[in-house]
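Quick notes on the structure that follows.
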Amino acid sequence: MTEYNTTDQAPGGAQGAAGAESIDLLIRHLEAARRAFSSPEETPSHDEGELKAFPNTICSLIYAQPGTFCPLLYLHFPAVTEPDTESA
Amino acid sequence: MSQTGDVSVPFGSVGTASLAATESELSDGTPFGSYDHLSRNTSAEYARLLALVAERSPAAETLFAAVEGREGGELLFQDPLVRRTLEDGVLTLLCGLDAIDAATLSEVLLCTAAHAEAGERSMLDATTRCVALGSAPGHAFVWADDRPATVPGRRFVEEVLKRLPGFGIEVPTDEQVQLLDQGVHLALQITPTLARSALSHLRTVVVGDFEGGGPPINALTAPGLPGVVFLSPHTLSDRAAVAETLMHESIHLKFLDIEYVHTLFPVGFRPYSSPRITPAWHQNDERYGGWPLDRLLTSMQVYLSLAVFFGLAAERRGDDFHAPDDCVARADRCTTRATWLFTAAQDYLDHLSPAGREFVTWMGGMLALLPGT
């Protein structure tokens, strides 16, 4: 199986030393936090109607198991009557 | 909940063999399954990040000197707060993004250096109130600090709340901690290899719920907080549920770690601008659809892993787990969904990196082995 050790690529320079892809991943994660932190109106709500209005929020970056209230959090209402393997 | 009475063998010997083969590949396959491979390379990645920060931060230089050549020093790079802090250091000092202030960066790194010099394997649990998860394969613990007095402790809480505004962190009871440990133990009993591989990615369990009422969450994992799982207290009802939940979230943690080692998406990929996929089982309710590609891939891995988890659980007897026929039903559903996601992914391969396409191919190879596919 091919191994893609991207962290060993792109030598030289600040981004090169850690890999441009690596830096981009860090930025992606930081952006996710900032979306949640700086935009309270986009943060998880308990009102599903409101949630539908914010399809591109931090919530969509969060993985979660079923049983929750927020579809953008990858969450579902508690699975009471069916096997609780509803995915994130 | 074990079941009494006769239960037919769900998959037969061929199915059992294929489940065992899939478990082995999911757990130990290289480059995407093996925890040793992933942890070694994530540690190497954070060592590189530390070297970058050390060029501009005396505290980072101190930490670099403390871990360099020290046996076990790389284990500190698995600590969730150390990872978060090194990422913020790079983003601030090298990318010009305001991710952490200089004083906090310095204090957390110096604290980490002190623990490295003391020969300790982690930092966060040594500076805050935490309870060890003794059954966990790695160095895992439950957060139990409602008022952290240290800079690292406060920093951890801040980072949690940045990503989960309104989340109320709770101090778990002794009984809840015990149940968590029992859940880990049960998962390891059911699928020793798969559970060990998955749960090794788990470092910190945080118990809590979003405040303000409303239906509670079960559990979640947040990119940017590697190794950390959030569990609602209501999830801590019985050890079978805890075992499944911890497996589920730990597989998400594994996926997050995979991304640190193998770039699955091209530079510039962002979930909010990704193509969206609505799984067949959510077609009737758009609120649950619209998954970006990273969710598609991580859910595929979760479903495939849980198909193996439940499939092997069905073959076992004597565990305090779901009844075998229940396990078969769960395994079947997980297999169906993993297969659906794999098929859907074929339409978006151009949006993945070469490693991302290899990841999908890897998933497909294992799916083909499973009973019922």
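By convention in this document, the chains of the structure tokens carry letters A, B, ... by their order, each chain's residues are numbered from 1, and ligands are numbered from 1 in the order they are shown.
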Using only C-alpha atoms, find each residue of chain B with at least one atom at most 8 Å away from an atom of chain A; report its shortest atom-to-atom pair and that distance in Å (one decimal), sort the rows by chain and rising residue number, and return the result as JSON lines.
```
{"residue": "B:Thr30", "atom": "CA", "partner": "A:Met1", "partner_atom": "CA", "distance": 7.5}
{"residue": "B:Pro31", "atom": "CA", "partner": "A:Glu3", "partner_atom": "CA", "distance": 5.9}
{"residue": "B:Glu45", "atom": "CA", "partner": "A:Thr7", "partner_atom": "CA", "distance": 6.6}
{"residue": "B:Arg48", "atom": "CA", "partner": "A:Ala18", "partner_atom": "CA", "distance": 5.9}
{"residue": "B:Leu49", "atom": "CA", "partner": "A:Ala18", "partner_atom": "CA", "distance": 6.3}
{"residue": "B:Leu52", "atom": "CA", "partner": "A:Ala14", "partner_atom": "CA", "distance": 6.8}
{"residue": "B:Glu87", "atom": "CA", "partner": "A:Leu26", "partner_atom": "CA", "distance": 6.4}
{"residue": "B:Leu91", "atom": "CA", "partner": "A:Ile27", "partner_atom": "CA", "distance": 7.2}
{"residue": "B:Leu94", "atom": "CA", "partner": "A:Ala14", "partner_atom": "CA", "distance": 7.0}
{"residue": "B:Ala99", "atom": "CA", "partner": "A:Leu30", "partner_atom": "CA", "distance": 7.6}
{"residue": "B:Leu161", "atom": "CA", "partner": "A:Phe37", "partner_atom": "CA", "distance": 7.9}
{"residue": "B:Lys162", "atom": "CA", "partner": "A:Phe37", "partner_atom": "CA", "distance": 4.9}
{"residue": "B:Arg163", "atom": "CA", "partner": "A:Ala33", "partner_atom": "CA", "distance": 4.9}
{"residue": "B:Leu164", "atom": "CA", "partner": "A:Ala36", "partner_atom": "CA", "distance": 7.1}
{"residue": "B:Pro165", "atom": "CA", "partner": "A:Thr43", "partner_atom": "CA", "distance": 6.7}
{"residue": "B:Gly213", "atom": "CA", "partner": "A:His46", "partner_atom": "CA", "distance": 7.6}
{"residue": "B:Gly214", "atom": "CA", "partner": "A:His46", "partner_atom": "CA", "distance": 5.6}
{"residue": "B:Pro215", "atom": "CA", "partner": "A:Phe69", "partner_atom": "CA", "distance": 5.6}
{"residue": "B:Pro216", "atom": "CA", "partner": "A:Thr68", "partner_atom": "CA", "distance": 5.5}
{"residue": "B:Ile217", "atom": "CA", "partner": "A:Thr68", "partner_atom": "CA", "distance": 3.9}
{"residue": "B:Asn218", "atom": "CA", "partner": "A:Gly67", "partner_atom": "CA", "distance": 5.1}
{"residue": "B:Ala219", "atom": "CA", "partner": "A:Gln65", "partner_atom": "CA", "distance": 5.3}
{"residue": "B:Leu220", "atom": "CA", "partner": "A:Ala64", "partner_atom": "CA", "distance": 3.6}
{"residue": "B:Thr221", "atom": "CA", "partner": "A:Tyr63", "partner_atom": "CA", "distance": 5.1}
{"residue": "B:Ala222", "atom": "CA", "partner": "A:Ile62", "partner_atom": "CA", "distance": 4.9}
{"residue": "B:Pro223", "atom": "CA", "partner": "A:His29", "partner_atom": "CA", "distance": 6.1}
{"residue": "B:Gly224", "atom": "CA", "partner": "A:His29", "partner_atom": "CA", "distance": 5.0}
{"residue": "B:Thr245", "atom": "CA", "partner": "A:Gln65", "partner_atom": "CA", "distance": 7.5}
{"residue": "B:His248", "atom": "CA", "partner": "A:Gln65", "partner_atom": "CA", "distance": 7.4}
{"residue": "B:Glu249", "atom": "CA", "partner": "A:Ala64", "partner_atom": "CA", "distance": 7.3}
{"residue": "B:His252", "atom": "CA", "partner": "A:Tyr63", "partner_atom": "CA", "distance": 7.1}
{"residue": "B:Glu259", "atom": "CA", "partner": "A:Leu25", "partner_atom": "CA", "distance": 8.0}
{"residue": "B:Tyr260", "atom": "CA", "partner": "A:Ser22", "partner_atom": "CA", "distance": 6.8}
{"residue": "B:Val261", "atom": "CA", "partner": "A:Thr7", "partner_atom": "CA", "distance": 6.3}
{"residue": "B:His262", "atom": "CA", "partner": "A:Thr6", "partner_atom": "CA", "distance": 5.9}
{"residue": "B:Thr263", "atom": "CA", "partner": "A:Thr6", "partner_atom": "CA", "distance": 6.4}
{"residue": "B:Pro266", "atom": "CA", "partner": "A:Glu21", "partner_atom": "CA", "distance": 7.5}
{"residue": "B:Val267", "atom": "CA", "partner": "A:Glu21", "partner_atom": "CA", "distance": 5.6}
{"residue": "B:Gly268", "atom": "CA", "partner": "A:Asp24", "partner_atom": "CA", "distance": 6.8}
{"residue": "B:Arg270", "atom": "CA", "partner": "A:Arg28", "partner_atom": "CA", "distance": 6.7}
{"residue": "B:Pro271", "atom": "CA", "partner": "A:Leu61", "partner_atom": "CA", "distance": 6.6}
{"residue": "B:Tyr272", "atom": "CA", "partner": "A:Asn56", "partner_atom": "CA", "distance": 4.9}
{"residue": "B:Ser273", "atom": "CA", "partner": "A:Asn56", "partner_atom": "CA", "distance": 7.9}
{"residue": "B:Arg287", "atom": "CA", "partner": "A:Pro71", "partner_atom": "CA", "distance": 5.7}
{"residue": "B:Tyr288", "atom": "CA", "partner": "A:Pro71", "partner_atom": "CA", "distance": 5.0}
{"residue": "B:Gly289", "atom": "CA", "partner": "A:Pro71", "partner_atom": "CA", "distance": 7.8}
{"residue": "B:Trp291", "atom": "CA", "partner": "A:Ser60", "partner_atom": "CA", "distance": 7.8}
{"residue": "B:Pro292", "atom": "CA", "partner": "A:Ser60", "partner_atom": "CA", "distance": 7.7}
{"residue": "B:Arg295", "atom": "CA", "partner": "A:Tyr63", "partner_atom": "CA", "distance": 7.4}
{"residue": "B:Ser299", "atom": "CA", "partner": "A:Ala88", "partner_atom": "CA", "distance": 6.2}
{"residue": "B:Val302", "atom": "CA", "partner": "A:Ser87", "partner_atom": "CA", "distance": 7.3}
{"residue": "B:Tyr303", "atom": "CA", "partner": "A:Ser87", "partner_atom": "CA", "distance": 7.0}
{"residue": "B:Leu306", "atom": "CA", "partner": "A:Thr85", "partner_atom": "CA", "distance": 7.9}
{"residue": "B:Asp326", "atom": "CA", "partner": "A:Pro83", "partner_atom": "CA", "distance": 7.8}
{"residue": "B:Arg330", "atom": "CA", "partner": "A:Pro83", "partner_atom": "CA", "distance": 6.2}
{"residue": "B:Cys334", "atom": "CA", "partner": "A:Thr85", "partner_atom": "CA", "distance": 7.4}
{"residue": "B:Pro354", "atom": "CA", "partner": "A:Tyr4", "partner_atom": "CA", "distance": 7.9}
{"residue": "B:Ala355", "atom": "CA", "partner": "A:Tyr4", "partner_atom": "CA", "distance": 5.9}
{"residue": "B:Glu358", "atom": "CA", "partner": "A:Thr2", "partner_atom": "CA", "distance": 7.7}
```
Practice problem: Tell me, as a list of chain:residue names, which residues lie within 6 Å of Ser122 (chain B), counting only C-alpha atoms; anything in the same chain fewer than 2 positions away does not count. | Solution: B:Leu76, B:Asp79, B:Glu120
Output of the above residues as a PDB file, in the first residue's frame, restricted to C-alpha atoms:
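Output file selection23.pdb follows:
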```pdb
ATOM      1  CA  LEU B  76       4.377  14.502  25.693  1.00  0.00           C
ATOM      2  CA  ASP B  79      -0.916  15.475  25.331  1.00  0.00           C
ATOM      3  CA  GLU B 120       6.551  12.471  32.996  1.00  0.00           C
TER       4      GLU B 120
END
```
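With only C-alpha atoms as the atoms that count, the residue of B:Leu188, B:Val177, B:Val229, B:Leu296 with the shortest distance to His201 (chain B) is B:Val229.
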Quiz item: Interatomic distance between CA of Leu225 (chain B) and CA of Gln78 (chain B)?
Solution: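 One can read the CA of Leu225 (chain B) to CA of Gln78 (chain B) distance as 11.2 Å.
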Practice problem: Can you check which residues of region 145-350 of chain B DSSP gives as helix (DSSP H, G or I) on the backbone and send them as a PyMOL selection string? | Solution: chain B and resi 151-163+174-190+192-199+233-235+239-261+271-273+280-282+286-288+293-315+324-350
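For the pair CA of Val328 (chain B) and CA of Val308 (chain B), the separation is 10.1 Å.
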Exercise. Please report, as an MDAnalysis selection string, each residue of region 121-214 of chain B to which DSSP assigns strand (DSSP E) when run on this structure's backbone.
Key: chainID B and resid 130:132 141:143 167:169 204:210
